[in-house]
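Reviewing the structure listed below.
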Amino acid sequence: MGATALKDVINYMEQQENPHVPVMMDEVLGLLQPEPGGIYVDGTVGLGGHSAAIMERIQPGGLLIGLDRDKDSLAKAVQRLKRFSGSFRPVHDNFKNLPLTLKRMAVGSVDGVLIDMGVSSWQLLSPDRGFSFQSDAVLDMRMDRTQSRTAADIVNETPESELADIIYQYGEERFSRRIAAAIVNEREIAPFTRCAQLAGIISRVIPVRGRRIIHPATRTFQALRIAVNEELDGLEEFLLETAGLLKQRARLVAIAFHSLEDRIVKHAFRKLAGQCVCDMPPELCRCEKRVSAKILTSRPLMPGVEELAVNPRARSARLRAVEKI
Ligand SMILES: C[S@@+](CC[C@H](N)C(=O)[O-])C[C@H]1O[C@@H](n2cnc3c(N)ncnc32)[C@H](O)[C@@H]1O
């Protein structure tokens, strides 16, 4: 998609009630190669941007199975895709349950799978979802609001050392211990209930010289979101298992938005390609090296300058893809 076409998409999205601009659309379609009559899976439908483009290409006779953990997003996507209703099957579930979903639908194998992880701009900006340190929403961060544990529960109930580990491991935040200590001090006075309250405490304890270009609460908020939604748990298993659901020459395309997620995708794809993942000298390597797919992206693809000029939120996207052999 050229810059002008992309600008048109963004103008369209901005006129809508809830904007989210799908990232790396050309790269997704180029790698997924949706064909008329094929069966595809969008594991992260969101507001249906990628799904709509896939639907256009799989007519006539195609089927798109679209999963999202967020019922509200899925409802919006269903509305957007209603002209394809017969060939779009929405499923409110975690994409990690894809094998079960396909089994229930009596679908044995598929022609391609896309996952575009993380949260959509709509979720991030929705005043009642609590994902953003820039809002004063209730501290929630659940993608699936039928789940009970929220970010406030983690912040108010997790022991200090465990909280510091979460912030360090999932946020790669070097001031994690200091932040966890400040949270524990503060919650003894009053429990955390709102995003702004937490962002304020973090801003107070991160030294000005330790601040990078990003907001001081960015890494802690990322860590809490990953913890609340257990985003990394079972991701590698999902990718390995999904390869077994692909038809020959079908493709699995994954877009990650932070390095932890991208590392898992890279690792899983190397395993599928039968490459070493242990970093040991060749004579000591005991990796299984069974080849079931070929890597199509030797390095992750990133959004081009044209896309970033019109959609700066795409800047952390990293896309990798494999083809079943
Ligand atoms: C970046 S958005 C996807 C946007 C979408 N591609 C579009 O064009 O509108 C990520 C979406 O994936 C959902 N999501 C994230 N992790 C998920 C998971 N493990 N299972 C199902 N949905 C997930 C989120 O709720 C969110 O709606």
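Every chain in the structure tokens takes a letter, A first, then B, and so on in the order presented; its residues are numbered from 1, and the ligands are numbered from 1 following the presented order.
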
Can you tell me which residues come within 9 Å of ligand 1 when counting only C-alpha atoms and all ligand atoms, ideally as an mmCIF file with N, CA, C and O atoms, in the first residue's frame?
data_model
loop_
_atom_site.group_PDB
_atom_site.id
_atom_site.type_symbol
_atom_site.label_atom_id
_atom_site.label_comp_id
_atom_site.auth_asym_id
_atom_site.auth_seq_id
_atom_site.Cartn_x
_atom_site.Cartn_y
_atom_site.Cartn_z
ATOM 1 N N PRO A 19 -10.764 4.230 16.239
ATOM 2 C CA PRO A 19 -9.744 3.957 15.239
ATOM 3 C C PRO A 19 -8.733 2.889 15.641
ATOM 4 O O PRO A 19 -8.328 2.784 16.794
ATOM 5 N N HIS A 20 -8.360 2.074 14.679
ATOM 6 C CA HIS A 20 -7.139 1.256 14.791
ATOM 7 C C HIS A 20 -6.657 1.024 13.367
ATOM 8 O O HIS A 20 -7.399 0.493 12.537
ATOM 9 N N VAL A 21 -5.454 1.419 13.073
ATOM 10 C CA VAL A 21 -4.931 1.238 11.724
ATOM 11 C C VAL A 21 -4.144 -0.078 11.690
ATOM 12 O O VAL A 21 -3.187 -0.241 12.445
ATOM 13 N N PRO A 22 -4.556 -1.032 10.844
ATOM 14 C CA PRO A 22 -3.831 -2.305 10.795
ATOM 15 C C PRO A 22 -2.388 -2.088 10.350
ATOM 16 O O PRO A 22 -2.136 -1.318 9.428
ATOM 17 N N VAL A 23 -1.452 -2.767 11.000
ATOM 18 C CA VAL A 23 -0.039 -2.532 10.677
ATOM 19 C C VAL A 23 0.438 -3.472 9.572
ATOM 20 O O VAL A 23 -0.067 -4.584 9.421
ATOM 21 N N MET A 25 0.172 -3.934 6.436
ATOM 22 C CA MET A 25 -0.846 -4.636 5.636
ATOM 23 C C MET A 25 -0.252 -5.291 4.390
ATOM 24 O O MET A 25 -0.542 -6.451 4.093
ATOM 25 N N ASP A 42 -7.550 -15.656 11.443
ATOM 26 C CA ASP A 42 -6.979 -14.439 12.026
ATOM 27 C C ASP A 42 -7.134 -14.629 13.537
ATOM 28 O O ASP A 42 -8.247 -14.564 14.066
ATOM 29 N N GLY A 43 -6.027 -14.889 14.209
ATOM 30 C CA GLY A 43 -6.079 -15.197 15.642
ATOM 31 C C GLY A 43 -6.289 -13.982 16.514
ATOM 32 O O GLY A 43 -6.557 -14.121 17.714
ATOM 33 N N THR A 44 -6.143 -12.796 15.924
ATOM 34 C CA THR A 44 -6.265 -11.540 16.683
ATOM 35 C C THR A 44 -7.072 -10.546 15.836
ATOM 36 O O THR A 44 -6.516 -9.570 15.327
ATOM 37 N N VAL A 45 -8.349 -10.799 15.716
ATOM 38 C CA VAL A 45 -9.193 -10.018 14.799
ATOM 39 C C VAL A 45 -9.179 -8.529 15.125
ATOM 40 O O VAL A 45 -9.173 -7.687 14.228
ATOM 41 N N GLY A 46 -9.176 -8.184 16.400
ATOM 42 C CA GLY A 46 -9.205 -6.763 16.787
ATOM 43 C C GLY A 46 -10.419 -6.092 16.186
ATOM 44 O O GLY A 46 -11.543 -6.590 16.309
ATOM 45 N N LEU A 47 -10.197 -4.987 15.464
ATOM 46 C CA LEU A 47 -11.329 -4.306 14.848
ATOM 47 C C LEU A 47 -11.549 -4.776 13.408
ATOM 48 O O LEU A 47 -12.305 -4.180 12.664
ATOM 49 N N GLY A 48 -10.828 -5.823 13.027
ATOM 50 C CA GLY A 48 -11.110 -6.463 11.734
ATOM 51 C C GLY A 48 -10.413 -5.851 10.537
ATOM 52 O O GLY A 48 -10.818 -6.113 9.397
ATOM 53 N N GLY A 49 -9.371 -5.069 10.734
ATOM 54 C CA GLY A 49 -8.675 -4.432 9.608
ATOM 55 C C GLY A 49 -8.009 -5.463 8.704
ATOM 56 O O GLY A 49 -8.273 -5.506 7.492
ATOM 57 N N HIS A 50 -7.145 -6.306 9.292
ATOM 58 C CA HIS A 50 -6.512 -7.352 8.477
ATOM 59 C C HIS A 50 -7.574 -8.337 7.976
ATOM 60 O O HIS A 50 -7.522 -8.786 6.835
ATOM 61 N N SER A 51 -8.519 -8.664 8.862
ATOM 62 C CA SER A 51 -9.563 -9.634 8.475
ATOM 63 C C SER A 51 -10.312 -9.164 7.229
ATOM 64 O O SER A 51 -10.576 -9.959 6.319
ATOM 65 N N ALA A 52 -10.651 -7.868 7.184
ATOM 66 C CA ALA A 52 -11.421 -7.358 6.039
ATOM 67 C C ALA A 52 -10.619 -7.543 4.752
ATOM 68 O O ALA A 52 -11.157 -7.975 3.721
ATOM 69 N N ALA A 53 -9.318 -7.250 4.825
ATOM 70 C CA ALA A 53 -8.481 -7.381 3.621
ATOM 71 C C ALA A 53 -8.354 -8.851 3.215
ATOM 72 O O ALA A 53 -8.351 -9.178 2.020
ATOM 73 N N LEU A 67 -10.494 -15.083 15.701
ATOM 74 C CA LEU A 67 -10.555 -15.165 17.166
ATOM 75 C C LEU A 67 -10.120 -13.849 17.794
ATOM 76 O O LEU A 67 -9.249 -13.152 17.269
ATOM 77 N N ASP A 68 -10.723 -13.532 18.927
ATOM 78 C CA ASP A 68 -10.210 -12.457 19.773
ATOM 79 C C ASP A 68 -10.664 -12.728 21.206
ATOM 80 O O ASP A 68 -11.755 -13.249 21.428
ATOM 81 N N ARG A 69 -9.772 -12.366 22.144
ATOM 82 C CA ARG A 69 -10.100 -12.550 23.569
ATOM 83 C C ARG A 69 -11.056 -11.482 24.049
ATOM 84 O O ARG A 69 -11.614 -11.585 25.130
ATOM 85 N N ASP A 70 -11.148 -10.418 23.247
ATOM 86 C CA ASP A 70 -11.930 -9.265 23.676
ATOM 87 C C ASP A 70 -13.285 -9.271 22.955
ATOM 88 O O ASP A 70 -13.357 -9.034 21.749
ATOM 89 N N LYS A 71 -14.340 -9.524 23.731
ATOM 90 C CA LYS A 71 -15.689 -9.623 23.163
ATOM 91 C C LYS A 71 -16.109 -8.333 22.467
ATOM 92 O O LYS A 71 -16.759 -8.359 21.433
ATOM 93 N N ASP A 72 -15.739 -7.197 23.069
ATOM 94 C CA ASP A 72 -16.173 -5.905 22.514
ATOM 95 C C ASP A 72 -15.510 -5.653 21.164
ATOM 96 O O ASP A 72 -16.140 -5.160 20.223
ATOM 97 N N SER A 73 -14.215 -5.986 21.070
ATOM 98 C CA SER A 73 -13.517 -5.821 19.779
ATOM 99 C C SER A 73 -14.157 -6.732 18.740
ATOM 100 O O SER A 73 -14.409 -6.321 17.599
ATOM 101 N N LEU A 74 -14.405 -7.961 19.151
ATOM 102 C CA LEU A 74 -14.964 -8.941 18.216
ATOM 103 C C LEU A 74 -16.330 -8.463 17.697
ATOM 104 O O LEU A 74 -16.622 -8.588 16.505
ATOM 105 N N ALA A 77 -15.767 -6.016 15.065
ATOM 106 C CA ALA A 77 -15.292 -6.647 13.827
ATOM 107 C C ALA A 77 -16.460 -7.320 13.094
ATOM 108 O O ALA A 77 -16.562 -7.227 11.868
ATOM 109 N N HIS A 92 -14.992 -16.010 20.244
ATOM 110 C CA HIS A 92 -14.445 -15.305 21.412
ATOM 111 C C HIS A 92 -13.584 -16.286 22.195
ATOM 112 O O HIS A 92 -14.075 -17.080 22.989
ATOM 113 N N ASP A 93 -12.278 -16.222 21.948
ATOM 114 C CA ASP A 93 -11.376 -17.144 22.656
ATOM 115 C C ASP A 93 -9.938 -16.681 22.466
ATOM 116 O O ASP A 93 -9.641 -15.851 21.595
ATOM 117 N N ASN A 94 -9.073 -17.251 23.278
ATOM 118 C CA ASN A 94 -7.644 -17.033 23.168
ATOM 119 C C ASN A 94 -7.155 -17.825 21.945
ATOM 120 O O ASN A 94 -7.545 -18.981 21.778
ATOM 121 N N PHE A 95 -6.299 -17.203 21.127
ATOM 122 C CA PHE A 95 -5.832 -17.961 19.949
ATOM 123 C C PHE A 95 -5.050 -19.212 20.358
ATOM 124 O O PHE A 95 -4.879 -20.136 19.560
ATOM 125 N N LYS A 96 -4.594 -19.246 21.612
ATOM 126 C CA LYS A 96 -3.844 -20.432 22.050
ATOM 127 C C LYS A 96 -4.745 -21.668 22.096
ATOM 128 O O LYS A 96 -4.262 -22.782 22.186
ATOM 129 N N ASN A 97 -6.057 -21.447 22.038
ATOM 130 C CA ASN A 97 -6.994 -22.581 21.986
ATOM 131 C C ASN A 97 -7.397 -22.921 20.550
ATOM 132 O O ASN A 97 -8.404 -23.600 20.340
ATOM 133 N N LEU A 114 -2.747 -15.870 10.783
ATOM 134 C CA LEU A 114 -2.124 -14.585 11.142
ATOM 135 C C LEU A 114 -2.345 -14.330 12.624
ATOM 136 O O LEU A 114 -3.461 -14.539 13.125
ATOM 137 N N ILE A 115 -1.294 -13.893 13.327
ATOM 138 C CA ILE A 115 -1.518 -13.309 14.652
ATOM 139 C C ILE A 115 -0.784 -11.966 14.714
ATOM 140 O O ILE A 115 0.374 -11.856 14.338
ATOM 141 N N ASP A 116 -1.506 -10.961 15.163
ATOM 142 C CA ASP A 116 -1.008 -9.577 15.257
ATOM 143 C C ASP A 116 -1.222 -9.210 16.732
ATOM 144 O O ASP A 116 -2.289 -8.755 17.116
ATOM 145 N N MET A 117 -0.167 -9.481 17.530
ATOM 146 C CA MET A 117 -0.368 -9.531 18.989
ATOM 147 C C MET A 117 -0.472 -8.155 19.660
ATOM 148 O O MET A 117 -0.391 -7.129 19.018
ATOM 149 N N GLY A 118 -0.650 -8.192 20.964
ATOM 150 C CA GLY A 118 -0.737 -6.947 21.733
ATOM 151 C C GLY A 118 -2.144 -6.401 21.766
ATOM 152 O O GLY A 118 -3.117 -7.150 21.624
ATOM 153 N N VAL A 119 -2.249 -5.086 21.975
ATOM 154 C CA VAL A 119 -3.569 -4.459 22.038
ATOM 155 C C VAL A 119 -3.759 -3.517 20.852
ATOM 156 O O VAL A 119 -2.794 -3.038 20.276
ATOM 157 N N SER A 120 -5.016 -3.266 20.510
ATOM 158 C CA SER A 120 -5.299 -2.334 19.420
ATOM 159 C C SER A 120 -5.304 -0.914 19.971
ATOM 160 O O SER A 120 -5.408 -0.705 21.187
ATOM 161 N N SER A 121 -5.216 0.051 19.065
ATOM 162 C CA SER A 121 -5.271 1.456 19.496
ATOM 163 C C SER A 121 -6.604 1.723 20.187
ATOM 164 O O SER A 121 -6.692 2.515 21.121
ATOM 165 N N TRP A 122 -7.633 1.048 19.698
ATOM 166 C CA TRP A 122 -8.940 1.257 20.308
ATOM 167 C C TRP A 122 -8.946 0.820 21.772
ATOM 168 O O TRP A 122 -9.420 1.540 22.654
ATOM 169 N N GLN A 123 -8.354 -0.360 22.028
ATOM 170 C CA GLN A 123 -8.286 -0.821 23.431
ATOM 171 C C GLN A 123 -7.436 0.152 24.249
ATOM 172 O O GLN A 123 -7.803 0.548 25.352
ATOM 173 N N ARG A 142 -7.445 -5.862 31.343
ATOM 174 C CA ARG A 142 -7.816 -7.192 30.853
ATOM 175 C C ARG A 142 -8.232 -7.102 29.389
ATOM 176 O O ARG A 142 -9.074 -6.273 29.049
ATOM 177 N N MET A 143 -7.670 -7.950 28.539
ATOM 178 C CA MET A 143 -8.187 -8.027 27.166
ATOM 179 C C MET A 143 -9.537 -8.728 27.214
ATOM 180 O O MET A 143 -10.478 -8.359 26.523
ATOM 181 N N ASP A 144 -9.599 -9.788 28.008
ATOM 182 C CA ASP A 144 -10.839 -10.551 28.136
ATOM 183 C C ASP A 144 -11.486 -10.167 29.461
ATOM 184 O O ASP A 144 -11.019 -10.569 30.533
ATOM 185 N N ASN A 229 -2.626 -10.508 31.278
ATOM 186 C CA ASN A 229 -3.170 -11.292 30.173
ATOM 187 C C ASN A 229 -2.363 -12.560 29.872
ATOM 188 O O ASN A 229 -2.660 -13.254 28.898
ATOM 189 N N GLU A 230 -1.329 -12.800 30.703
ATOM 190 C CA GLU A 230 -0.467 -13.983 30.520
ATOM 191 C C GLU A 230 -0.076 -14.129 29.050
ATOM 192 O O GLU A 230 -0.222 -15.187 28.447
ATOM 193 N N GLU A 231 0.389 -13.000 28.495
ATOM 194 C CA GLU A 231 0.590 -12.947 27.047
ATOM 195 C C GLU A 231 1.677 -13.888 26.539
ATOM 196 O O GLU A 231 1.598 -14.377 25.419
ATOM 197 N N LEU A 232 2.703 -14.129 27.356
ATOM 198 C CA LEU A 232 3.815 -14.937 26.853
ATOM 199 C C LEU A 232 3.633 -16.427 27.165
ATOM 200 O O LEU A 232 4.255 -17.271 26.534
ATOM 201 N N LEU A 235 2.906 -19.220 24.382
ATOM 202 C CA LEU A 235 3.002 -18.685 23.016
ATOM 203 C C LEU A 235 3.848 -19.596 22.124
ATOM 204 O O LEU A 235 3.475 -19.896 20.989
ATOM 205 N N ILE A 255 3.037 -11.094 14.111
ATOM 206 C CA ILE A 255 3.546 -9.734 14.355
ATOM 207 C C ILE A 255 3.651 -9.542 15.862
ATOM 208 O O ILE A 255 2.667 -9.704 16.592
ATOM 209 N N ALA A 256 4.867 -9.218 16.318
ATOM 210 C CA ALA A 256 5.108 -8.976 17.741
ATOM 211 C C ALA A 256 5.344 -7.477 17.946
ATOM 212 O O ALA A 256 5.777 -6.777 17.027
ATOM 213 N N PHE A 257 5.080 -7.028 19.184
ATOM 214 C CA PHE A 257 5.244 -5.597 19.456
ATOM 215 C C PHE A 257 6.265 -5.303 20.542
ATOM 216 O O PHE A 257 6.455 -4.160 20.913
#

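Of the listed residues (A:Ala180, A:Val107, A:Met141, A:Leu63), A:Ala180 comes nearest to Thr158 (chain A); the distances count only C-alpha atoms.
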
Run DSSP on the backbone of this structure and report the residues of region 49-234 of chain A it assigns to alpha helix (DSSP H), as a PyMOL selection string.
chain A and resi 49-58+71-80+98-104+121-125+151-157+160-171+176-189+195-205+218-229

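The space between CA of Ser203 (chain A) and CA of Ile179 (chain A) spans 9.3 Å.
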
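The closest residue to Asp136 (chain A), picked from A:Tyr168, A:Arg80, A:Gly200, A:Val113 and counting only C-alpha atoms, is A:Gly200.
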
Rank A:Asp111, A:Ser85, A:Thr297, A:Gln79 by their smallest atom-to-atom distance to Pro34 (chain A), using only C-alpha atoms, and report the top residue only.
A:Asp111

For Ser135 (chain A): contacts at 10 Å, only C-alpha atoms, fewer than 4 positions along chain excluded, given as a VMD selection string:
chain A and resid 124 to 131 139 194 to 197 199

Which value, in Å to one decimal, gives the distance between CA of Val41 (chain A) and CA of Ala75 (chain A)?
17.1 Å

Surrounding residues of Glu157 (chain A) excluding itself and chain neighbours under 4 positions, 12 Å, only C-alpha atoms, as a list of chain:residue names:
A:Arg149, A:Thr150, A:Ala151, A:Ala152, A:Asp153, A:Ser161, A:Glu162, A:Leu163, A:Ala180, A:Ile183, A:Val184, A:Arg187, A:Glu188, A:Pro191, A:Phe192

List the spatial neighbours of Ile39 (chain A) as a count of residues only - criterion: any atom at most 12 Å away, only C-alpha atoms, same-chain residues fewer than 4 positions off excluded.
34

Any idea what's packed within 12 Å of region 259-262 of chain A, counting only C-alpha atoms, ignoring anything in its chain fewer than 4 positions away? Could you give it as a VMD selection string?
chain A and resid 115 to 118 168 to 172 222 to 223 226 230 to 236 239 254 to 255 266 to 269 299 to 302 316 to 321
